[in-house]
file model17.txt (compact mmCIF, C-alpha atoms)
# COMPACT_ATOMS: atom_id res chain seq x y z
CA MET A 1 116.13 103.45 75.54
CA THR A 2 112.69 102.44 74.28
CA ILE A 3 109.59 101.72 76.36
CA THR A 4 106.07 100.69 75.43
CA LEU A 5 103.20 101.85 77.59
CA THR A 6 99.52 102.70 77.30
CA ILE A 7 98.65 106.34 77.86
CA ASN A 8 94.94 107.10 78.18
CA GLY A 9 94.10 103.90 76.34
CA ILE A 10 96.53 104.45 73.46
CA ARG A 11 99.50 102.12 73.19
CA LYS A 12 102.71 104.01 72.51
CA THR A 13 106.33 103.09 71.96
CA LEU A 14 108.55 105.97 73.01
CA GLU A 15 112.20 106.83 73.13
CA ILE A 16 113.25 108.02 76.60
CA GLU A 17 116.35 109.00 78.54
CA PRO A 18 117.27 106.37 81.21
CA GLY A 19 117.16 108.96 84.01
CA GLU A 20 114.07 110.90 83.00
CA LYS A 21 110.87 110.99 84.99
CA LEU A 22 107.40 110.17 83.73
CA LEU A 23 106.31 113.78 84.31
CA GLY A 24 108.73 115.09 81.69
CA LEU A 25 107.85 112.37 79.22
CA LEU A 26 104.10 112.96 79.51
CA ARG A 27 104.39 116.71 79.03
CA ARG A 28 106.72 116.22 76.07
CA GLU A 29 104.04 113.99 74.57
CA GLY A 30 101.47 116.77 75.02
CA TYR A 31 99.68 115.71 78.19
CA MET A 32 99.75 119.17 79.74
CA GLY A 33 97.10 118.30 82.33
CA VAL A 34 99.99 116.78 84.27
CA LYS A 35 101.38 119.81 86.11
CA ILE A 36 104.93 120.61 87.15
CA GLY A 37 104.93 121.62 90.80
CA CYS A 38 107.56 120.83 93.41
CA GLU A 39 109.23 117.97 91.50
CA ALA A 40 109.94 116.37 94.88
CA GLY A 41 106.75 114.41 95.53
CA ASP A 42 105.37 116.96 97.99
CA CYS A 43 102.59 118.74 96.09
CA GLY A 44 100.79 116.11 93.98
CA ALA A 45 100.19 118.44 91.00
CA CYS A 46 101.79 115.82 88.73
CA ALA A 47 99.65 112.87 89.90
CA VAL A 48 98.68 110.23 87.34
CA LEU A 49 97.24 106.73 87.61
CA LEU A 50 99.80 103.98 87.10
CA ASP A 51 97.97 100.68 86.64
CA GLY A 52 95.05 102.23 88.52
CA ARG A 53 96.98 103.68 91.45
CA SER A 54 97.75 107.36 91.91
CA VAL A 55 101.45 108.22 91.94
CA ASN A 56 103.65 111.32 91.72
CA SER A 57 104.86 111.26 88.10
CA CYS A 58 107.72 113.59 89.13
CA LEU A 59 109.15 110.78 91.28
CA LEU A 60 108.56 107.91 88.88
CA PHE A 61 111.30 106.97 86.46
CA ALA A 62 109.68 106.88 83.03
CA ALA A 63 111.38 103.52 82.45
CA LYS A 64 109.40 102.09 85.37
CA ALA A 65 106.17 102.73 83.41
CA ASP A 66 107.32 100.31 80.69
CA GLY A 67 104.46 97.87 80.11
CA CYS A 68 102.08 99.84 82.36
CA LYS A 69 98.80 101.66 81.85
CA VAL A 70 99.06 105.36 82.57
CA VAL A 71 96.00 107.59 82.87
CA THR A 72 96.30 111.37 83.05
CA VAL A 73 93.45 113.79 83.78
CA GLU A 74 92.89 114.06 80.00
CA GLY A 75 92.14 110.33 79.87
CA LEU A 76 89.29 110.32 82.38
CA GLU A 77 86.54 111.51 80.04
CA GLN A 78 84.68 108.88 78.09
CA ASP A 79 82.75 109.40 74.84
CA GLY A 80 82.93 113.14 75.25
CA HIS A 81 81.59 113.05 78.82
CA LEU A 82 83.66 114.20 81.75
CA HIS A 83 84.32 111.72 84.55
CA PRO A 84 81.85 112.14 87.47
CA VAL A 85 84.73 113.41 89.63
CA GLN A 86 85.53 116.08 87.03
CA GLU A 87 81.84 117.04 86.80
CA ALA A 88 81.58 117.27 90.56
CA PHE A 89 84.66 119.49 90.84
CA LEU A 90 83.00 121.88 88.37
CA ASP A 91 79.56 121.73 90.02
CA GLN A 92 80.80 122.15 93.57
CA GLY A 93 83.35 124.88 92.89
CA GLY A 94 86.21 122.51 93.64
CA VAL A 95 88.25 124.11 90.85
CA GLN A 96 89.86 127.28 92.12
CA CYS A 97 92.96 128.49 90.25
CA GLY A 98 92.98 125.00 88.74
CA TYR A 99 96.64 124.14 89.12
CA CYS A 100 96.21 121.41 91.73
CA THR A 101 92.91 120.21 90.23
CA PRO A 102 94.22 117.46 87.90
CA GLY A 103 96.22 115.88 90.71
CA MET A 104 93.33 116.16 93.17
CA ILE A 105 91.00 114.52 90.65
CA ILE A 106 93.44 111.68 90.01
CA SER A 107 93.77 111.00 93.75
CA ALA A 108 89.98 111.09 94.11
CA VAL A 109 89.48 108.67 91.21
CA ASP A 110 91.95 106.25 92.79
CA LEU A 111 90.12 106.49 96.14
CA LEU A 112 86.63 105.98 94.67
CA SER A 113 87.77 103.00 92.61
CA ARG A 114 88.63 101.20 95.85
CA ASN A 115 86.16 102.80 98.27
CA PRO A 116 82.82 103.88 96.76
CA SER A 117 81.53 105.32 100.05
CA PRO A 118 84.42 107.12 101.74
CA THR A 119 83.95 109.11 104.92
CA GLU A 120 85.07 112.75 105.00
CA THR A 121 88.17 111.67 106.93
CA GLU A 122 88.99 109.05 104.31
CA ILE A 123 88.62 111.65 101.55
CA ARG A 124 90.87 114.09 103.38
CA ARG A 125 93.47 111.37 103.91
CA ALA A 126 93.29 110.32 100.25
CA LEU A 127 93.86 113.92 99.12
CA SER A 128 96.57 114.60 101.70
CA GLY A 129 99.31 114.34 99.09
CA ASN A 130 97.74 117.09 96.97
CA LEU A 131 98.47 120.65 98.06
CA CYS A 132 96.19 123.55 97.06
CA ARG A 133 97.56 127.06 97.51
CA CYS A 134 94.19 128.80 96.94
CA THR A 135 92.86 126.37 99.49
CA GLY A 136 90.04 126.05 101.88
CA TYR A 137 90.20 122.29 101.36
CA VAL A 138 86.41 122.31 101.61
CA LYS A 139 84.98 122.48 98.09
CA GLN A 140 87.23 119.68 96.86
CA ILE A 141 86.06 117.43 99.69
CA GLN A 142 82.43 118.24 98.89
CA ALA A 143 83.14 117.53 95.23
CA VAL A 144 84.49 114.06 96.03
CA GLN A 145 81.47 113.36 98.25
CA ARG A 146 79.19 114.45 95.40
CA ALA A 147 81.07 112.33 92.85
CA ALA A 148 80.89 109.31 95.15
CA ALA A 149 77.10 109.73 95.42
CA VAL A 150 76.72 110.06 91.63
CA MET A 151 78.94 107.04 90.98
CA ARG A 152 76.95 104.95 93.49
CA GLY A 153 73.77 106.00 91.69
CA ASP A 154 72.10 107.74 94.66
CA ARG A 155 71.80 111.19 93.08
CA MET B 156 113.31 118.91 85.21
CA ILE B 157 116.02 118.07 87.73
CA PRO B 158 119.03 116.85 85.72
CA THR B 159 120.80 113.63 86.67
CA ALA B 160 123.88 111.85 85.33
CA ILE B 161 121.99 108.55 84.93
CA ARG B 162 122.96 106.98 81.63
CA GLU B 163 121.76 103.42 81.96
CA TYR B 164 118.61 101.73 83.25
CA ILE B 165 118.89 98.01 83.90
CA LYS B 166 116.01 95.75 84.89
CA PRO B 167 117.43 92.35 85.86
CA THR B 168 115.30 89.22 85.89
CA SER B 169 117.18 87.42 88.67
CA ILE B 170 118.72 88.49 91.95
CA GLN B 171 122.06 87.00 90.87
CA GLU B 172 122.00 89.18 87.77
CA ALA B 173 121.19 92.28 89.85
CA TRP B 174 124.02 91.47 92.25
CA ALA B 175 126.47 90.90 89.39
CA VAL B 176 125.64 94.31 87.85
CA LEU B 177 126.04 96.09 91.19
CA MET B 178 129.37 94.37 91.85
CA GLU B 179 130.68 95.03 88.37
CA ARG B 180 129.64 98.70 88.23
CA GLY B 181 130.49 99.58 91.84
CA LEU B 182 129.29 102.88 93.26
CA SER B 183 128.18 104.19 89.87
CA ALA B 184 125.22 101.77 90.12
CA LYS B 185 122.38 101.76 92.64
CA PRO B 186 119.56 99.29 93.27
CA MET B 187 116.05 100.71 93.10
CA GLY B 188 112.69 99.76 94.57
CA GLY B 189 110.08 102.45 93.88
CA GLY B 190 112.83 104.84 92.84
CA ILE B 191 111.81 107.82 94.99
CA ASP B 192 115.09 108.20 96.86
CA VAL B 193 117.25 107.08 93.93
CA GLY B 194 115.77 109.98 91.94
CA LEU B 195 115.61 112.60 94.70
CA TYR B 196 119.06 111.95 96.09
CA ALA B 197 120.87 111.09 92.85
CA THR B 198 124.54 112.01 93.20
CA PRO B 199 126.64 113.15 90.23
CA ASP B 200 128.45 109.78 90.20
CA LEU B 201 125.22 107.78 89.86
CA ARG B 202 125.22 106.50 86.27
CA ILE B 203 123.25 103.27 86.42
CA VAL B 204 119.98 102.41 88.12
CA VAL B 205 119.17 98.76 88.71
CA ASP B 206 115.38 98.39 88.90
CA LEU B 207 114.47 95.43 91.12
CA GLY B 208 110.85 95.58 89.92
CA GLY B 209 111.31 92.56 87.65
CA LEU B 210 112.32 90.13 90.41
CA GLU B 211 108.79 89.26 91.58
CA LEU B 212 109.50 90.46 95.10
CA SER B 213 106.10 92.10 95.74
CA TYR B 214 104.24 89.85 98.18
CA VAL B 215 103.16 89.32 101.75
CA ARG B 216 103.22 85.66 102.79
CA GLY B 217 102.69 83.67 105.97
CA GLU B 218 100.19 83.69 108.78
CA ASP B 219 101.88 84.04 112.17
CA GLU B 220 105.31 84.83 110.79
CA LEU B 221 105.27 87.27 107.89
CA ASP B 222 107.55 87.32 104.86
CA ILE B 223 107.33 90.60 102.98
CA GLY B 224 109.00 90.91 99.57
CA ALA B 225 111.45 93.79 99.24
CA THR B 226 109.57 95.58 96.46
CA THR B 227 106.20 95.44 98.23
CA THR B 228 104.87 99.00 98.41
CA PHE B 229 103.66 100.65 101.60
CA ALA B 230 100.16 100.77 100.05
CA GLU B 231 100.26 97.02 99.39
CA MET B 232 101.32 96.42 102.98
CA ILE B 233 98.56 98.68 104.32
CA GLU B 234 95.99 96.80 102.24
CA SER B 235 97.30 93.35 103.19
CA SER B 236 95.03 91.53 105.66
CA ARG B 237 98.11 89.64 106.85
CA VAL B 238 99.95 92.85 107.78
CA GLY B 239 96.69 94.19 109.25
CA GLY B 240 96.40 91.12 111.46
CA TYR B 241 99.97 91.28 112.73
CA LEU B 242 100.22 92.60 116.29
CA ASP B 243 96.95 94.50 116.19
CA GLY B 244 97.82 96.14 112.85
CA ILE B 245 100.72 98.16 114.25
CA LEU B 246 102.51 98.39 110.89
CA VAL B 247 99.37 99.60 109.11
CA GLU B 248 98.93 102.25 111.80
CA ILE B 249 102.51 103.45 111.24
CA LEU B 250 102.58 103.23 107.43
CA GLU B 251 99.32 105.16 107.04
CA LYS B 252 101.16 108.18 108.42
CA VAL B 253 104.33 107.79 106.33
CA ALA B 254 104.63 110.24 103.39
CA SER B 255 101.49 110.73 101.24
CA PRO B 256 99.10 108.25 99.58
CA LEU B 257 100.72 109.11 96.21
CA GLN B 258 104.17 108.25 97.54
CA ARG B 259 102.96 105.15 99.39
CA ASN B 260 101.91 103.71 96.03
CA LEU B 261 105.58 103.90 94.99
CA ALA B 262 107.67 103.56 98.16
CA THR B 263 108.82 100.02 98.90
CA VAL B 264 109.81 98.44 102.18
CA GLY B 265 113.15 97.25 100.80
CA GLY B 266 113.82 100.70 99.39
CA THR B 267 113.20 102.40 102.71
CA LEU B 268 115.65 100.05 104.46
CA GLY B 269 118.18 100.49 101.66
CA SER B 270 117.90 104.28 101.89
CA ALA B 271 118.53 104.00 105.65
CA HIS B 272 117.37 107.51 106.49
CA PRO B 273 117.88 108.33 110.18
CA TRP B 274 114.40 109.85 110.32
CA SER B 275 112.65 106.76 108.91
CA ASP B 276 109.57 105.72 110.89
CA VAL B 277 109.67 102.22 109.41
CA ILE B 278 113.18 101.37 110.62
CA PRO B 279 112.64 101.77 114.40
CA ALA B 280 109.34 99.90 114.06
CA LEU B 281 111.01 96.96 112.31
CA LEU B 282 113.87 96.97 114.84
CA ALA B 283 111.38 96.79 117.72
CA LEU B 284 109.52 93.98 115.93
CA ASP B 285 112.82 92.01 115.69
CA ALA B 286 112.66 91.93 111.90
CA GLN B 287 115.19 89.99 109.91
CA VAL B 288 116.17 90.71 106.34
CA VAL B 289 116.94 88.17 103.66
CA VAL B 290 119.76 89.59 101.59
CA TYR B 291 121.88 88.58 98.67
CA HIS B 292 125.50 89.26 99.56
CA GLU B 293 127.65 86.86 97.56
CA ARG B 294 125.00 84.32 98.58
CA ARG B 295 121.55 84.29 100.15
CA GLN B 296 121.70 85.11 103.86
CA THR B 297 119.26 86.00 106.62
CA LEU B 298 120.40 88.74 108.98
CA PRO B 299 118.92 90.63 111.91
CA LEU B 300 118.02 94.11 110.66
CA ALA B 301 120.59 95.78 112.94
CA GLU B 302 123.32 93.58 111.48
CA TYR B 303 122.30 94.63 107.96
CA PHE B 304 122.86 98.28 108.93
CA ALA B 305 126.19 97.38 110.57
CA ILE B 306 127.36 95.73 107.34
CA ARG B 307 126.16 98.75 105.35
CA ALA B 308 128.13 101.06 107.65
CA GLN B 309 131.28 99.16 106.64
CA GLY B 310 130.65 100.07 103.01
CA GLU B 311 129.18 96.72 101.92
CA ARG B 312 125.94 96.70 99.95
CA PRO B 313 123.88 93.58 100.67
CA LEU B 314 120.85 93.46 98.38
CA ILE B 315 117.59 93.09 100.34
CA THR B 316 115.10 90.59 98.93
CA GLU B 317 112.73 90.01 101.84
CA ILE B 318 111.78 91.27 105.30
CA ARG B 319 110.79 88.66 107.89
CA LEU B 320 108.73 89.30 110.98
CA PRO B 321 108.75 86.64 113.71
CA ARG B 322 105.61 85.14 115.21
CA ALA B 323 104.30 87.58 117.81
CA PRO B 324 103.84 85.91 121.23
CA VAL B 325 100.27 85.88 122.59
CA MET B 326 100.83 88.36 125.41
CA SER B 327 102.76 90.94 123.43
CA ALA B 328 102.10 94.38 121.98
CA CYS B 329 103.89 97.17 120.17
CA GLY B 330 103.56 100.94 120.40
CA PHE B 331 104.92 103.70 118.18
CA GLU B 332 105.33 107.46 118.58
CA GLU B 333 106.58 110.01 116.08
CA TYR B 334 107.09 113.74 116.51
CA SER B 335 107.48 116.11 113.57
CA LYS B 336 106.86 119.78 112.80
CA THR B 337 104.03 118.95 110.39
CA ALA B 338 102.23 115.73 109.51
CA PHE B 339 104.22 115.56 106.27
CA ASP B 340 107.65 116.49 107.62
CA VAL B 341 110.18 113.87 108.70
CA ALA B 342 110.56 112.94 112.36
CA ILE B 343 112.30 115.10 114.93
CA LEU B 344 112.29 111.91 116.95
CA ASN B 345 110.46 108.61 116.82
CA CYS B 346 110.36 105.50 118.95
CA ALA B 347 108.93 102.02 118.83
CA CYS B 348 108.51 99.71 121.80
CA PHE B 349 107.65 96.01 121.92
CA VAL B 350 106.83 94.20 125.15
CA GLU B 351 106.07 90.55 125.85
CA LEU B 352 104.60 89.72 129.24
CA GLU B 353 104.92 86.46 131.14
CA ALA B 354 103.26 86.07 134.51
CA ASP B 355 102.57 89.84 134.56
CA ARG B 356 106.23 90.73 134.13
CA CYS B 357 108.13 91.90 131.07
CA LYS B 358 109.80 88.86 129.61
CA THR B 359 111.05 90.66 126.52
CA ALA B 360 111.40 94.38 125.84
CA ARG B 361 112.66 95.89 122.59
CA ILE B 362 112.92 99.66 122.40
CA ALA B 363 114.20 101.46 119.31
CA ILE B 364 114.62 105.22 119.02
CA GLY B 365 115.36 107.08 115.78
CA GLY B 366 115.85 110.58 114.42
CA THR B 367 118.09 111.64 117.29
CA PRO B 368 119.10 112.81 114.55
CA ALA B 369 121.35 109.74 114.16
CA MET B 370 120.21 106.42 112.71
CA ALA B 371 117.56 104.50 114.64
CA ALA B 372 118.89 101.88 117.02
CA ARG B 373 117.73 99.67 119.86
CA ARG B 374 118.61 100.91 123.34
CA PRO B 375 119.87 97.96 125.43
CA THR B 376 120.08 99.89 128.71
CA VAL B 377 116.43 100.92 128.39
CA GLU B 378 115.37 97.41 127.47
CA GLU B 379 117.28 95.88 130.39
CA SER B 380 115.68 98.32 132.81
CA LEU B 381 112.24 97.02 131.82
CA THR B 382 112.99 93.31 131.64
CA GLY B 383 111.59 91.45 134.65
CA ALA B 384 109.56 94.46 135.82
CA ARG B 385 105.79 94.84 136.02
CA LEU B 386 104.50 97.21 133.34
CA ASP B 387 102.99 99.73 135.76
CA GLY B 388 103.13 103.53 135.95
CA GLU B 389 106.11 103.56 138.27
CA ALA B 390 108.19 101.27 136.05
CA ILE B 391 107.19 103.19 132.92
CA ASP B 392 108.28 106.53 134.46
CA ARG B 393 111.60 105.00 135.50
CA VAL B 394 112.22 103.43 132.06
CA ALA B 395 111.25 106.68 130.27
CA GLU B 396 113.82 108.56 132.34
CA ILE B 397 116.49 106.04 131.34
CA ALA B 398 115.38 106.44 127.71
CA GLU B 399 115.92 110.20 127.99
CA ARG B 400 119.52 109.60 129.08
CA SER B 401 120.13 106.77 126.61
CA ILE B 402 120.02 108.70 123.36
CA ASP B 403 122.91 110.28 121.51
CA ALA B 404 120.90 113.46 120.83
CA ARG B 405 122.31 116.33 118.79
CA ASP B 406 121.05 119.74 117.65
CA ASP B 407 120.05 120.21 114.03
CA ARG B 408 117.76 122.59 112.12
CA ARG B 409 114.68 120.69 113.26
CA ALA B 410 115.24 120.54 117.03
CA THR B 411 117.73 120.88 119.86
CA ALA B 412 119.36 117.94 121.59
CA ALA B 413 117.59 118.85 124.83
CA TYR B 414 114.19 118.79 123.13
CA ARG B 415 114.99 115.43 121.56
CA ARG B 416 115.90 113.97 124.95
CA HIS B 417 112.60 115.24 126.31
CA LEU B 418 110.77 113.65 123.36
CA ALA B 419 112.52 110.34 124.00
CA ARG B 420 111.14 110.33 127.53
CA VAL B 421 107.63 111.31 126.44
CA GLY B 422 107.63 108.93 123.46
CA VAL B 423 108.78 105.87 125.40
CA SER B 424 106.37 106.68 128.21
CA ARG B 425 103.41 107.00 125.82
CA CYS B 426 104.33 103.84 123.87
CA LEU B 427 104.64 101.79 127.05
CA ARG B 428 101.38 103.16 128.50
CA ARG B 429 99.60 102.26 125.28
CA ILE B 430 101.15 98.79 125.35
CA ALA B 431 100.09 98.36 128.99
CA ARG B 432 96.49 99.24 128.08
CA LYS B 433 96.52 96.83 125.14
CA LEU B 434 97.93 94.00 127.24
CA GLU B 435 95.44 94.68 130.02
CA THR B 436 92.54 94.11 127.63
CA MET B 437 94.21 90.91 126.38
CA GLY B 438 94.97 89.53 129.84
call {"tool": "encode", "arguments": {"input": "model17.txt", "output": "structure tokens"}}
result
Amino acid sequence: MTITLTINGIRKTLEIEPGEKLLGLLRREGYMGVKIGCEAGDCGACAVLLDGRSVNSCLLFAAKADGCKVVTVEGLEQDGHLHPVQEAFLDQGGVQCGYCTPGMIISAVDLLSRNPSPTETEIRRALSGNLCRCTGYVKQIQAVQRAAAVMRGDR
Amino acid sequence: MIPTAIREYIKPTSIQEAWAVLMERGLSAKPMGGGIDVGLYATPDLRIVVDLGGLELSYVRGEDELDIGATTTFAEMIESSRVGGYLDGILVEILEKVASPLQRNLATVGGTLGSAHPWSDVIPALLALDAQVVVYHERRQTLPLAEYFAIRAQGERPLITEIRLPRAPVMSACGFEEYSKTAFDVAILNCACFVELEADRCKTARIAIGGTPAMAARRPTVEESLTGARLDGEAIDRVAEIAERSIDARDDRRATAAYRRHLARVGVSRCLRRIARKLETMG
């Protein structure tokens, strides 16, 4: 079957299998920032924005993205500049082995788009679907706090 | 990638069309809300998915009574001021702990009822809230939620289009308790209690317990033991003891039957104590 969707601002018409998930489609199209983890919706490594909301692309039928706007971690930079959340993950040491990082960043971008001044608890809850095996779950939280401050303009 | 046998993806534009496809294709076709369970639990005979996302069933309407469209996501319900204003926001409180934020952006209320998992936190809550479901089953019908599950148990497949919550009486409150090994794991046991007071006595009590590990259900003997009583510590202890005896608990890999019975007592006791505190501040 054929679907038309926008991936990182580029409109694409793609041939898909009726039962395939968005995760497989995106990686086949070269968006390798979307990671394969548990494939059961538990780890969040495959998170993408679907019409602005973070979802597990391993759970989402690709056909359900027909007509939607999908943003992967590769699509967050603008005019050669990383997104403030990406910058903050680098600055604050929020990137450890890096495998969970794209999903964490996607969840954080979704949160900050709706809540520019989240509390630490709200950040932790927003990232609760993203598992990090290096862990600590400290630097990532600090990175989101930093990104929120930058995005609000109070550097 | 996990392979499936799905060969066809149909997105109907009317409920009648969806129903016709499901009837024509039988058990090889399955209706889909967010698609989480349809994908995760796809059986080898599942060939056709029927995506209900094109039926415009994502909404929360009403003020005192709420009508919630079947494909409304948990996130949309959490963010709805109407759901937030219903019975002190009890559904928001429950849904915020269901699955992860990523999954709540996909999971739909109709899908969770259609999946009918015995560990569902949403099902006992909706049973205690006396929810009705609007279904398409040859024709449009409105059924109590328990009746929907009874029809499903007979092998019928009514198609859910809407969930209806009745107006909550002034002196009423709901409490919910869930016990699991981790915050993300499914329930070992959960329970939801609803109480309406009249002249300081329980006029109506609805108590649903799930994850026993059988399907959630209301417990009439427990409810009857509370009806007409004052909601004080003595009555709550007595009702909790009846709750412990009321459940059809079994052992499974998550917990023993004995532990589940203990949790039923603790859960009902805590729910009712919380309800009593809420009602005290209202009275």
call {"tool": "closest_residue", "arguments": {"input": "model17.txt", "among": "B:Gly194, B:Pro273, B:Gly181, B:Pro167", "to": "chain A", "atoms": "all atoms listed in the file"}}
result
B:Gly194
call {"tool": "closest_residue", "arguments": {"input": "model17.txt", "among": "A:Ser113, A:Thr119, A:Gly9, A:Cys58", "to": "A:Lys21", "atoms": "all atoms listed in the file"}}
result
A:Cys58
call {"tool": "interface_residues", "arguments": {"input": "model17.txt", "of": "chain A", "to": "chain B", "cutoff": "6 Å", "atoms": "all atoms listed in the file", "output": "PyMOL selection string"}}
result
chain A and resi 18-19+54-56+59+129
call {"tool": "write_last_selection", "arguments": {"input": "model17.txt", "atoms": "C-alpha atoms", "output": "JSON list (two decimals), keeping the file's coordinate frame"}}
result
[["chain", "number", "residue", "atom", "x", "y", "z"],
["A", 18, "PRO", "CA", 117.27, 106.37, 81.21],
["A", 19, "GLY", "CA", 117.16, 108.96, 84.01],
["A", 54, "SER", "CA", 97.75, 107.36, 91.91],
["A", 55, "VAL", "CA", 101.45, 108.22, 91.94],
["A", 56, "ASN", "CA", 103.65, 111.32, 91.72],
["A", 59, "LEU", "CA", 109.15, 110.78, 91.28],
["A", 129, "GLY", "CA", 99.31, 114.34, 99.09]]
call {"tool": "closest_residue", "arguments": {"input": "model17.txt", "among": "B:Asp285, B:Asp406, B:Asp355, B:Glu231", "to": "B:Val247", "atoms": "all atoms listed in the file"}}
result
B:Glu231
call {"tool": "residues_around", "arguments": {"input": "model17.txt", "residues": "B:Met437", "least_positions_apart": "4", "cutoff": "10 Å", "atoms": "all atoms listed in the file", "output": "MDAnalysis selection string"}}
result
chainID B and resid 325:328 431:433
call {"tool": "atom_distance", "arguments": {"input": "model17.txt", "atom1": "atom CA of B:Cys346", "atom2": "atom CA of B:Arg429"}}
result
12.9 Å
call {"tool": "residues_around", "arguments": {"input": "model17.txt", "residues": "A:Gly30", "least_positions_apart": "6", "cutoff": "12 Å", "atoms": "only C-alpha atoms", "output": "mmCIF file with C-alpha atoms, in the coordinates of the input"}}
result
data_model
loop_
_atom_site.group_PDB
_atom_site.id
_atom_site.type_symbol
_atom_site.label_atom_id
_atom_site.label_comp_id
_atom_site.auth_asym_id
_atom_site.auth_seq_id
_atom_site.Cartn_x
_atom_site.Cartn_y
_atom_site.Cartn_z
ATOM 1 C CA ILE A 7 98.650 106.340 77.860
ATOM 2 C CA LEU A 23 106.310 113.780 84.310
ATOM 3 C CA GLY A 24 108.730 115.090 81.690
ATOM 4 C CA THR A 72 96.300 111.370 83.050
ATOM 5 C CA GLU A 74 92.890 114.060 80.000
#
call {"tool": "residues_around", "arguments": {"input": "model17.txt", "residues": "stretch 83-98 of chain A", "least_positions_apart": "5", "cutoff": "7 Å", "atoms": "only C-alpha atoms", "output": "NGL selection string"}}
result
:A and (76-77 or 105 or 109 or 134 or 139-140 or 142-144 or 146-147 or 150-151)
call {"tool": "residues_near_point", "arguments": {"input": "model17.txt", "point": "(99.6, 99.9, 132.2)", "cutoff": "10 Å", "atoms": "only C-alpha atoms", "output": "NGL selection string"}}
result
:B and (385-391 or 427-435)
call {"tool": "atom_distance", "arguments": {"input": "model17.txt", "atom1": "atom CA of B:Thr226", "atom2": "atom CA of B:Ile245"}}
result
20.0 Å
call {"tool": "build_atoms", "arguments": {"input": "model17.txt", "residues": "stretch 113-124 of chain A", "atoms": "N, CA and C atoms", "output": "JSON list (two decimals), keeping the file's coordinate frame"}}
result
[["chain", "number", "residue", "atom", "x", "y", "z"],
["A", 113, "SER", "N", 87.71, 104.31, 93.27],
["A", 113, "SER", "CA", 87.77, 103.00, 92.61],
["A", 113, "SER", "C", 87.91, 101.88, 93.64],
["A", 114, "ARG", "N", 88.43, 102.22, 94.82],
["A", 114, "ARG", "CA", 88.63, 101.20, 95.85],
["A", 114, "ARG", "C", 87.61, 101.32, 96.98],
["A", 115, "ASN", "N", 87.06, 102.53, 97.14],
["A", 115, "ASN", "CA", 86.16, 102.80, 98.27],
["A", 115, "ASN", "C", 85.02, 103.68, 97.77],
["A", 116, "PRO", "N", 83.90, 103.10, 97.36],
["A", 116, "PRO", "CA", 82.82, 103.88, 96.76],
["A", 116, "PRO", "C", 82.10, 104.79, 97.76],
["A", 117, "SER", "N", 82.24, 104.49, 99.05],
["A", 117, "SER", "CA", 81.53, 105.32, 100.05],
["A", 117, "SER", "C", 82.50, 105.81, 101.12],
["A", 118, "PRO", "N", 83.44, 106.67, 100.74],
["A", 118, "PRO", "CA", 84.42, 107.12, 101.74],
["A", 118, "PRO", "C", 83.82, 108.11, 102.72],
["A", 119, "THR", "N", 84.32, 108.08, 103.94],
["A", 119, "THR", "CA", 83.95, 109.11, 104.92],
["A", 119, "THR", "C", 84.72, 110.38, 104.59],
["A", 120, "GLU", "N", 84.34, 111.49, 105.25],
["A", 120, "GLU", "CA", 85.07, 112.75, 105.00],
["A", 120, "GLU", "C", 86.54, 112.58, 105.39],
["A", 121, "THR", "N", 86.79, 111.89, 106.49],
["A", 121, "THR", "CA", 88.17, 111.67, 106.93],
["A", 121, "THR", "C", 88.94, 110.88, 105.88],
["A", 122, "GLU", "N", 88.31, 109.85, 105.33],
["A", 122, "GLU", "CA", 88.99, 109.05, 104.31],
["A", 122, "GLU", "C", 89.29, 109.88, 103.05],
["A", 123, "ILE", "N", 88.37, 110.78, 102.71],
["A", 123, "ILE", "CA", 88.62, 111.65, 101.55],
["A", 123, "ILE", "C", 89.80, 112.57, 101.84],
["A", 124, "ARG", "N", 89.78, 113.17, 103.02],
["A", 124, "ARG", "CA", 90.87, 114.09, 103.38],
["A", 124, "ARG", "C", 92.21, 113.36, 103.37]]
